[in-house]
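One structure is given below, encoded as structure tokens.
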Amino acid sequence: MSTPASLYDEAVKIHESGETEQALEKLKEALALDETYVLALSASAVYNQKLGRFDEAIAHATKVTELEPDDKFSFLQLSVICQRCGRIAEAEDALAKSNSMS
């Protein structure tokens with residue numbers, strides 16, 4: 001049986017071969033097994049943003065910050081995703097949260 005980690009690893013390899021849509025399908029499988037698997041959520045945010053699915057990208061990146069509220073990088077990633085999705089105010093808010101952490 002596949003684990004979230006093995007499915008995530010497969011998704012990364014698929015994405016590296018240029019098949020982002022198929023990579024997202026693998027990540028969905030990983031999240032079906034563990035909806036709190038942060039690596040899969042983080043990758044889903046990036047891959048959705050690359051495909052122009054901005055609402056999904058931001059939702060996944062936001063979920064990462066909810067699961068890891070003390071992780072500076074999580075808010076930094078949310079800021080970058082929001083910026084790339086054209087949501088500058090949200091990007092600035094996430095960056096401010098990231099910068100406020102030690």
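Identifiers in the structure tokens: chain A, B, ... in order shown; residue index from 1 per chain; ligand index from 1 in order shown.
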For Val46 (chain A), find every residue with an atom within 9 Å (counting only C-alpha atoms), except residues of its own chain fewer than 5 positions away, and show them as a PDB file with N, CA and C atoms, in the first residue's frame.
ATOM      1  N   LEU A  41       0.491  19.257   0.714  1.00  0.00           N
ATOM      2  CA  LEU A  41      -0.262  20.516   0.654  1.00  0.00           C
ATOM      3  C   LEU A  41       0.588  21.627   0.048  1.00  0.00           C
ATOM      4  N   LEU A  51      -0.463  26.193 -12.635  1.00  0.00           N
ATOM      5  CA  LEU A  51      -1.539  25.895 -13.597  1.00  0.00           C
ATOM      6  C   LEU A  51      -2.599  27.000 -13.660  1.00  0.00           C
ATOM      7  N   ALA A  57      -4.563  27.149  -5.116  1.00  0.00           N
ATOM      8  CA  ALA A  57      -3.186  27.345  -4.657  1.00  0.00           C
ATOM      9  C   ALA A  57      -3.164  28.041  -3.302  1.00  0.00           C
ATOM     10  N   HIS A  60      -4.480  25.802  -0.423  1.00  0.00           N
ATOM     11  CA  HIS A  60      -3.508  24.826   0.056  1.00  0.00           C
ATOM     12  C   HIS A  60      -2.405  25.496   0.877  1.00  0.00           C
ATOM     13  N   ALA A  61      -1.908  26.628   0.401  1.00  0.00           N
ATOM     14  CA  ALA A  61      -0.857  27.336   1.139  1.00  0.00           C
ATOM     15  C   ALA A  61      -1.366  27.837   2.485  1.00  0.00           C
ATOM     16  N   GLN A  77       5.952  31.143   2.088  1.00  0.00           N
ATOM     17  CA  GLN A  77       5.424  30.478   0.895  1.00  0.00           C
ATOM     18  C   GLN A  77       4.038  31.026   0.549  1.00  0.00           C
ATOM     19  N   ILE A  81       3.031  32.700  -3.027  1.00  0.00           N
ATOM     20  CA  ILE A  81       1.891  32.181  -3.797  1.00  0.00           C
ATOM     21  C   ILE A  81       0.874  33.298  -4.044  1.00  0.00           C
TER      22      ILE A  81
END
**OP:** May I have the residues within 10 Å of Gln49 (chain A) as a ChimeraX atom specification, using only C-alpha atoms and disregarding those fewer than 4 positions away in the same chain?
**Re:** /A:43-45,53-58,81-82,84-85
Dump of N, CA and C atoms for the selected residues, as an mmCIF file, in the first residue's frame:
data_model
loop_
_atom_site.group_PDB
_atom_site.id
_atom_site.type_symbol
_atom_site.label_atom_id
_atom_site.label_comp_id
_atom_site.auth_asym_id
_atom_site.auth_seq_id
_atom_site.Cartn_x
_atom_site.Cartn_y
_atom_site.Cartn_z
ATOM 1 N N ALA A 43 3.248 21.352 -1.954
ATOM 2 C CA ALA A 43 3.457 21.097 -3.381
ATOM 3 C C ALA A 43 2.181 21.374 -4.167
ATOM 4 N N SER A 44 1.044 21.023 -3.602
ATOM 5 C CA SER A 44 -0.231 21.300 -4.274
ATOM 6 C C SER A 44 -0.421 22.793 -4.491
ATOM 7 N N ALA A 45 -0.016 23.581 -3.514
ATOM 8 C CA ALA A 45 -0.108 25.037 -3.647
ATOM 9 C C ALA A 45 0.731 25.519 -4.831
ATOM 10 N N ARG A 53 -4.540 27.978 -11.196
ATOM 11 C CA ARG A 53 -5.666 27.703 -10.287
ATOM 12 C C ARG A 53 -5.396 28.417 -8.962
ATOM 13 N N PHE A 54 -5.584 29.714 -9.003
ATOM 14 C CA PHE A 54 -5.138 30.554 -7.900
ATOM 15 C C PHE A 54 -5.886 30.316 -6.594
ATOM 16 N N ASP A 55 -7.198 30.139 -6.656
ATOM 17 C CA ASP A 55 -7.948 29.906 -5.419
ATOM 18 C C ASP A 55 -7.498 28.618 -4.734
ATOM 19 N N GLU A 56 -7.297 27.566 -5.526
ATOM 20 C CA GLU A 56 -6.831 26.296 -4.962
ATOM 21 C C GLU A 56 -5.417 26.435 -4.399
ATOM 22 N N ALA A 57 -4.563 27.149 -5.116
ATOM 23 C CA ALA A 57 -3.186 27.345 -4.657
ATOM 24 C C ALA A 57 -3.164 28.041 -3.302
ATOM 25 N N ILE A 58 -3.924 29.105 -3.193
ATOM 26 C CA ILE A 58 -3.952 29.869 -1.943
ATOM 27 C C ILE A 58 -4.589 29.060 -0.822
ATOM 28 N N ILE A 81 3.031 32.700 -3.027
ATOM 29 C CA ILE A 81 1.891 32.181 -3.797
ATOM 30 C C ILE A 81 0.874 33.298 -4.044
ATOM 31 N N CYS A 82 0.545 34.048 -3.003
ATOM 32 C CA CYS A 82 -0.419 35.144 -3.160
ATOM 33 C C CYS A 82 0.092 36.187 -4.150
ATOM 34 N N ARG A 84 2.200 35.760 -6.642
ATOM 35 C CA ARG A 84 2.150 35.210 -7.999
ATOM 36 C C ARG A 84 0.715 35.082 -8.515
ATOM 37 N N CYS A 85 -0.232 35.047 -7.588
ATOM 38 C CA CYS A 85 -1.642 34.965 -7.963
ATOM 39 C C CYS A 85 -2.278 36.347 -8.077
#
Original post:
Closest to Gly52 (chain A) among A:Asp71, A:Glu21, A:Asp93, A:Thr3, using only C-alpha atoms?
Top reply: A:Glu21
Original post:
Distance CA of Ala23 (chain A)-CA of Gly86 (chain A), one decimal place?
Top reply: 23.9 Å
**OP:** Please run DSSP on the backbone and report, as a ChimeraX atom specification, all residues within region 18-90 of chain A that come out as helix (DSSP H, G or I).
**Re:** /A:20-33,38-50,54-67,72-84,88-90
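What separates CA of Ser42 (chain A) from CA of Ser100 (chain A) is a distance of 21.1 Å.
Nearest residue to Val12 (chain A) among A:Ala40, A:Met101, A:Leu67, A:Ala91 is A:Ala40, counting only C-alpha atoms.
The neighbours of Ala5 (chain A) here are the residues that come within 9 Å of it, using only C-alpha atoms and leaving out any residue fewer than 4 positions away in the same chain; they are Asp9, Glu10, Ala30, Tyr37, Leu39 and Ala40 of chain A.
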Kindly save the residues from that selection, with N, CA and C atoms included, as a PDB file, in the first residue's frame.
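Result written to out19.pdb:
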ATOM      1  N   ASP A   9       6.573  11.592  -3.189  1.00  0.00           N
ATOM      2  CA  ASP A   9       7.798  11.384  -3.963  1.00  0.00           C
ATOM      3  C   ASP A   9       7.481  11.107  -5.431  1.00  0.00           C
ATOM      4  N   GLU A  10       6.460  10.310  -5.682  1.00  0.00           N
ATOM      5  CA  GLU A  10       6.041  10.028  -7.058  1.00  0.00           C
ATOM      6  C   GLU A  10       5.576  11.308  -7.748  1.00  0.00           C
ATOM      7  N   ALA A  30      -2.275  11.294  -2.000  1.00  0.00           N
ATOM      8  CA  ALA A  30      -1.553  11.412  -0.724  1.00  0.00           C
ATOM      9  C   ALA A  30      -2.425  12.101   0.316  1.00  0.00           C
ATOM     10  N   TYR A  37      -0.908  16.178   5.518  1.00  0.00           N
ATOM     11  CA  TYR A  37       0.468  15.951   5.070  1.00  0.00           C
ATOM     12  C   TYR A  37       0.989  17.226   4.420  1.00  0.00           C
ATOM     13  N   LEU A  39       3.843  18.395   3.259  1.00  0.00           N
ATOM     14  CA  LEU A  39       4.598  18.418   2.002  1.00  0.00           C
ATOM     15  C   LEU A  39       3.672  18.344   0.795  1.00  0.00           C
ATOM     16  N   ALA A  40       2.657  17.510   0.867  1.00  0.00           N
ATOM     17  CA  ALA A  40       1.704  17.394  -0.239  1.00  0.00           C
ATOM     18  C   ALA A  40       0.872  18.661  -0.391  1.00  0.00           C
TER      19      ALA A  40
END
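In this comparison, which uses only C-alpha atoms, the residue of A:Ile88, A:Ala59, A:Ala96, A:Leu27 approaching Lys72 (chain A) most closely is A:Ala96.
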Subject >> Residue nearest Thr20 (chain A) - candidates A:Tyr47, A:Leu95, A:Lys63, A:Glu90, atoms counted: only C-alpha atoms >> reply: A:Tyr47
